[in-house]
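Step one of this worksheet: look at the structure below.
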Amino acid sequence: MKKQRNISVELASTLPVEQQQTELVERKGIAHPDTMCDSIMEAVCIALCKEYNDRFGRILHHNIDKGMLVAGRTMPQPGGGKVIEPMKIIFGDRATYTHDGTVIQVGEIAEAAAKKWLRKNLRFVDPEVNIIYQNEIKPGSPELTDTFSRPVIGANDTSVGVGHAPRTETERLVFETEQYLNSNIFKYAYPETGKDIKVMAFRKNRDLTLTVAIAFVDRYIRDEKVYFEKKQIIQDNLTQFIRCKQENIDNVTVQINTLDDPERGAEGMYLTVLGTSAESGDGGQVGRGNRVNGLITFNRPQSLEAAAGKNPVNHVGKIYNVLSNEIARRIHKEVDGVKEVTVYLCSQIGQPLDEPLQASAKLILDENLHLDDIRDTVASIIQVELAYVGVFIEQLALGKYSIC
């Protein structure tokens, strides 16, 4: 028997973001302290899912979404500086340490997952030397742990996930800019650039300004003259890259490291020893960076939930935020005439994940299309995605979906 789900499909009451006069979009690159936190805690979550599955045939209760990155101390200088005090990663929140008389080495698993991620993604950071690891993951409460033993595992909380499609041109350019700057080919051409990159876009009508922060690696910078020459070359390169990618944007202005001051010598340059501001200047925290779509989109509805590190079995702060984006992308791709769609999934604590309290899609349509023409098609897509939420969860537990 087909389940009766609370699904609504309606017209949105706002202008498409592309048609709004101003738009702001941000992306924090892979070595930004907040993105590092999100990525590492998600890696720990995936490692625990695998450990629980391998040992017990199912995922046990855990949430590793309270992690922090404490900045270290360095002395960057042209030609190469030094690390004075290592960074610290603090693993937080809850996990299952014992089950059926078997002990799970949660702390060791967390540390190993963090080191693996660091080796893969940050070429200047030695995870054995430049990082201290502090395990503050505690056992879960009996009530939360018990929910994983019930025949039907219900939502852990009453919360809302939100997703949208398609990306605007500004959103696409911001995402592609960071991906380009952190690509292997770019690092080969410009090894002096670290992976701590932040891109902020401001669009006014059809004029786009990109403010980009790039952490330079001091060992590749001989002096101030070399730094500012290389920065200008990279700025010209990036401007050309954006011009090749732009479609409806008329004018693009790219500015890099706008805090720089040539009159202040080494103090007026954005230099790092390890390629990340986390080495000295800035700490990080789960949930303060990119949303699950990889961007911070200030013109869009957004959830405040931190998806990274949350368990993929019943934590709607993760499941519904990722799923709503997948549903939105599918609606936009499969339903002709949908210019823009926003999907909301509202859970109710304890209720099955495939039966949200409310699932709704707000649509902006082409002028010649009426809502009644596509309402059932859109509702059917939502029905199917919710019906197969179990398969989606399995993929989420394997790390098949990006969360930052």
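Order determines the names: the first chain of the structure tokens is A, the second B, and so forth; residues in each chain are numbered 1 upward, and ligands are numbered 1 upward as they are shown.
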
Between range 27-107 of chain A and range 304-325 of chain A, at 10 Å or less, what are the per-residue closest atom pairs and their distances in Å? Count only C-alpha atoms, order by chain and rising residue number, and return it as JSON lines.
```
{"residue": "A:Thr35", "atom": "CA", "partner": "A:Ala308", "partner_atom": "CA", "distance": 9.7}
{"residue": "A:Cys37", "atom": "CA", "partner": "A:Ala308", "partner_atom": "CA", "distance": 8.5}
{"residue": "A:Asp38", "atom": "CA", "partner": "A:Ala308", "partner_atom": "CA", "distance": 5.2}
{"residue": "A:Ser39", "atom": "CA", "partner": "A:Ala308", "partner_atom": "CA", "distance": 7.0}
{"residue": "A:Ile40", "atom": "CA", "partner": "A:Gly309", "partner_atom": "CA", "distance": 8.3}
{"residue": "A:Met41", "atom": "CA", "partner": "A:Gly309", "partner_atom": "CA", "distance": 4.9}
{"residue": "A:Glu42", "atom": "CA", "partner": "A:Gly309", "partner_atom": "CA", "distance": 4.3}
{"residue": "A:Ala43", "atom": "CA", "partner": "A:Gly309", "partner_atom": "CA", "distance": 7.5}
{"residue": "A:Val44", "atom": "CA", "partner": "A:Gly309", "partner_atom": "CA", "distance": 7.0}
{"residue": "A:Cys45", "atom": "CA", "partner": "A:Gly309", "partner_atom": "CA", "distance": 5.1}
{"residue": "A:Ile46", "atom": "CA", "partner": "A:Gly309", "partner_atom": "CA", "distance": 8.1}
{"residue": "A:Leu48", "atom": "CA", "partner": "A:Asn311", "partner_atom": "CA", "distance": 9.3}
{"residue": "A:Cys49", "atom": "CA", "partner": "A:Asn311", "partner_atom": "CA", "distance": 8.1}
{"residue": "A:Arg58", "atom": "CA", "partner": "A:Val313", "partner_atom": "CA", "distance": 9.7}
{"residue": "A:Ile59", "atom": "CA", "partner": "A:Val313", "partner_atom": "CA", "distance": 7.4}
{"residue": "A:Leu60", "atom": "CA", "partner": "A:Val313", "partner_atom": "CA", "distance": 8.6}
{"residue": "A:His61", "atom": "CA", "partner": "A:Asn311", "partner_atom": "CA", "distance": 7.2}
{"residue": "A:His62", "atom": "CA", "partner": "A:Asn311", "partner_atom": "CA", "distance": 5.8}
{"residue": "A:Asn63", "atom": "CA", "partner": "A:Lys310", "partner_atom": "CA", "distance": 4.6}
{"residue": "A:Ile64", "atom": "CA", "partner": "A:Gly309", "partner_atom": "CA", "distance": 4.4}
{"residue": "A:Asp65", "atom": "CA", "partner": "A:Gly309", "partner_atom": "CA", "distance": 4.5}
{"residue": "A:Lys66", "atom": "CA", "partner": "A:Gly309", "partner_atom": "CA", "distance": 8.0}
{"residue": "A:Gly67", "atom": "CA", "partner": "A:Gly309", "partner_atom": "CA", "distance": 8.5}
{"residue": "A:Phe91", "atom": "CA", "partner": "A:Gly309", "partner_atom": "CA", "distance": 10.0}
{"residue": "A:Gly92", "atom": "CA", "partner": "A:Gly309", "partner_atom": "CA", "distance": 9.7}
{"residue": "A:Asp93", "atom": "CA", "partner": "A:Gly309", "partner_atom": "CA", "distance": 9.5}
{"residue": "A:Arg94", "atom": "CA", "partner": "A:Lys310", "partner_atom": "CA", "distance": 9.8}
{"residue": "A:Ala95", "atom": "CA", "partner": "A:Asn311", "partner_atom": "CA", "distance": 9.6}
```

For the contact check between range 156-179 of chain A and range 236-256 of chain A, emit one row per residue of range 156-179 of chain A within 8 Å, containing the shortest atom pair and the distance in Å rounded to one decimal, counting only C-alpha atoms, chain then rising number order, as a Markdown table.
```
| residue | atom | partner | partner_atom | distance |
| --- | --- | --- | --- | --- |
| A:Glu169 | CA | A:Gln246 | CA | 7.5 |
| A:Leu173 | CA | A:Ile242 | CA | 7.1 |
| A:Thr177 | CA | A:Ile242 | CA | 7.5 |
```

- Message: Based on the backbone DSSP call, show me all residues of range 147-338 of chain A assigned strand (DSSP E or B), as a count of residues only.
- Response: 44

Mind running range 275-386 of chain A against range 119-123 of chain A at 12 Å and telling me each contacting residue's nearest atom pair with the distance in Å (one decimal), counting only C-alpha atoms, chain and number ascending, as a Markdown table?
```
| residue | atom | partner | partner_atom | distance |
| --- | --- | --- | --- | --- |
| A:Gly275 | CA | A:Leu122 | CA | 8.1 |
| A:Thr276 | CA | A:Leu122 | CA | 8.8 |
| A:Ala278 | CA | A:Leu122 | CA | 11.9 |
```

Save out the residues we just selected, all heavy atoms, as a short mmCIF file (atom, residue, chain, number, x, y, z; two decimals), in the first residue's frame.
```
data_model
loop_
_atom_site.label_atom_id
_atom_site.label_comp_id
_atom_site.auth_asym_id
_atom_site.auth_seq_id
_atom_site.Cartn_x
_atom_site.Cartn_y
_atom_site.Cartn_z
N GLY A 275 50.48 26.53 4.54
CA GLY A 275 49.43 26.71 3.54
C GLY A 275 48.03 26.84 4.08
O GLY A 275 47.06 26.78 3.32
N THR A 276 47.90 27.04 5.40
CA THR A 276 46.58 27.22 6.01
C THR A 276 46.66 28.22 7.14
O THR A 276 47.63 28.21 7.91
CB THR A 276 45.99 25.90 6.53
OG1 THR A 276 44.79 26.17 7.28
CG2 THR A 276 46.97 25.15 7.41
N ALA A 278 45.05 28.06 9.70
CA ALA A 278 44.89 27.33 10.96
C ALA A 278 46.22 27.13 11.68
O ALA A 278 46.24 26.86 12.87
CB ALA A 278 44.23 25.97 10.71
#
```

- Message: Among range 132-375 of chain A, which ones does DSSP assign to helix (DSSP H, G or I) (computed from the backbone)? Answer as a PyMOL selection string.
- Response: chain A and resi 142-149+169-181+184-189+218-220+224-245+262-268+277-279+316-334+371-375

- Message: With distances taken over only C-alpha atoms, which residue among A:Gly284, A:Phe216, A:Ser303, A:Val17 lies nearest Leu271 in chain A?
- Response: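 Ranking A:Gly284, A:Phe216, A:Ser303, A:Val17 by distance to Leu271 in chain A, first place goes to A:Phe216.
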
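Those residues that approach range 4-6 of chain A to within 12 Å, counting only C-alpha atoms, are A:Tyr344, A:Leu345, A:Cys346, A:Ser347, A:Pro352, A:Leu353, A:Asp354, A:Glu355, A:Pro356, A:Leu357, A:Gln358, A:Ala359, A:Ser360, A:Ala361, A:Ala379, A:Ser380, A:Ile382, A:Gln383, A:Val384, A:Glu385, A:Leu386, A:Ala387; same-chain residues fewer than 4 positions away are not listed.
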
- Find the residues near Leu181 in chain A: any atom within 10 Å, counting only C-alpha atoms, skip ones fewer than 5 places away on the same chain, and give them as an MDAnalysis selection string. chainID A and resid 29 176 186:187 190 193:197 214 234 238

- Message: From the options A:Val217, A:Ala110, A:Ile233, A:Ile381, which residue's atoms come nearest to Ile137 in chain A, counting only C-alpha atoms?
- Response: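 Looking only at the distances to Ile137 in chain A, the closest residue turns out to be A:Ala110.
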
- Rounded to one decimal place, report the CA of Val152 in chain A-CA of Val103 in chain A distance in Å.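 Separation between CA of Val152 in chain A and CA of Val103 in chain A: 25.4 Å.
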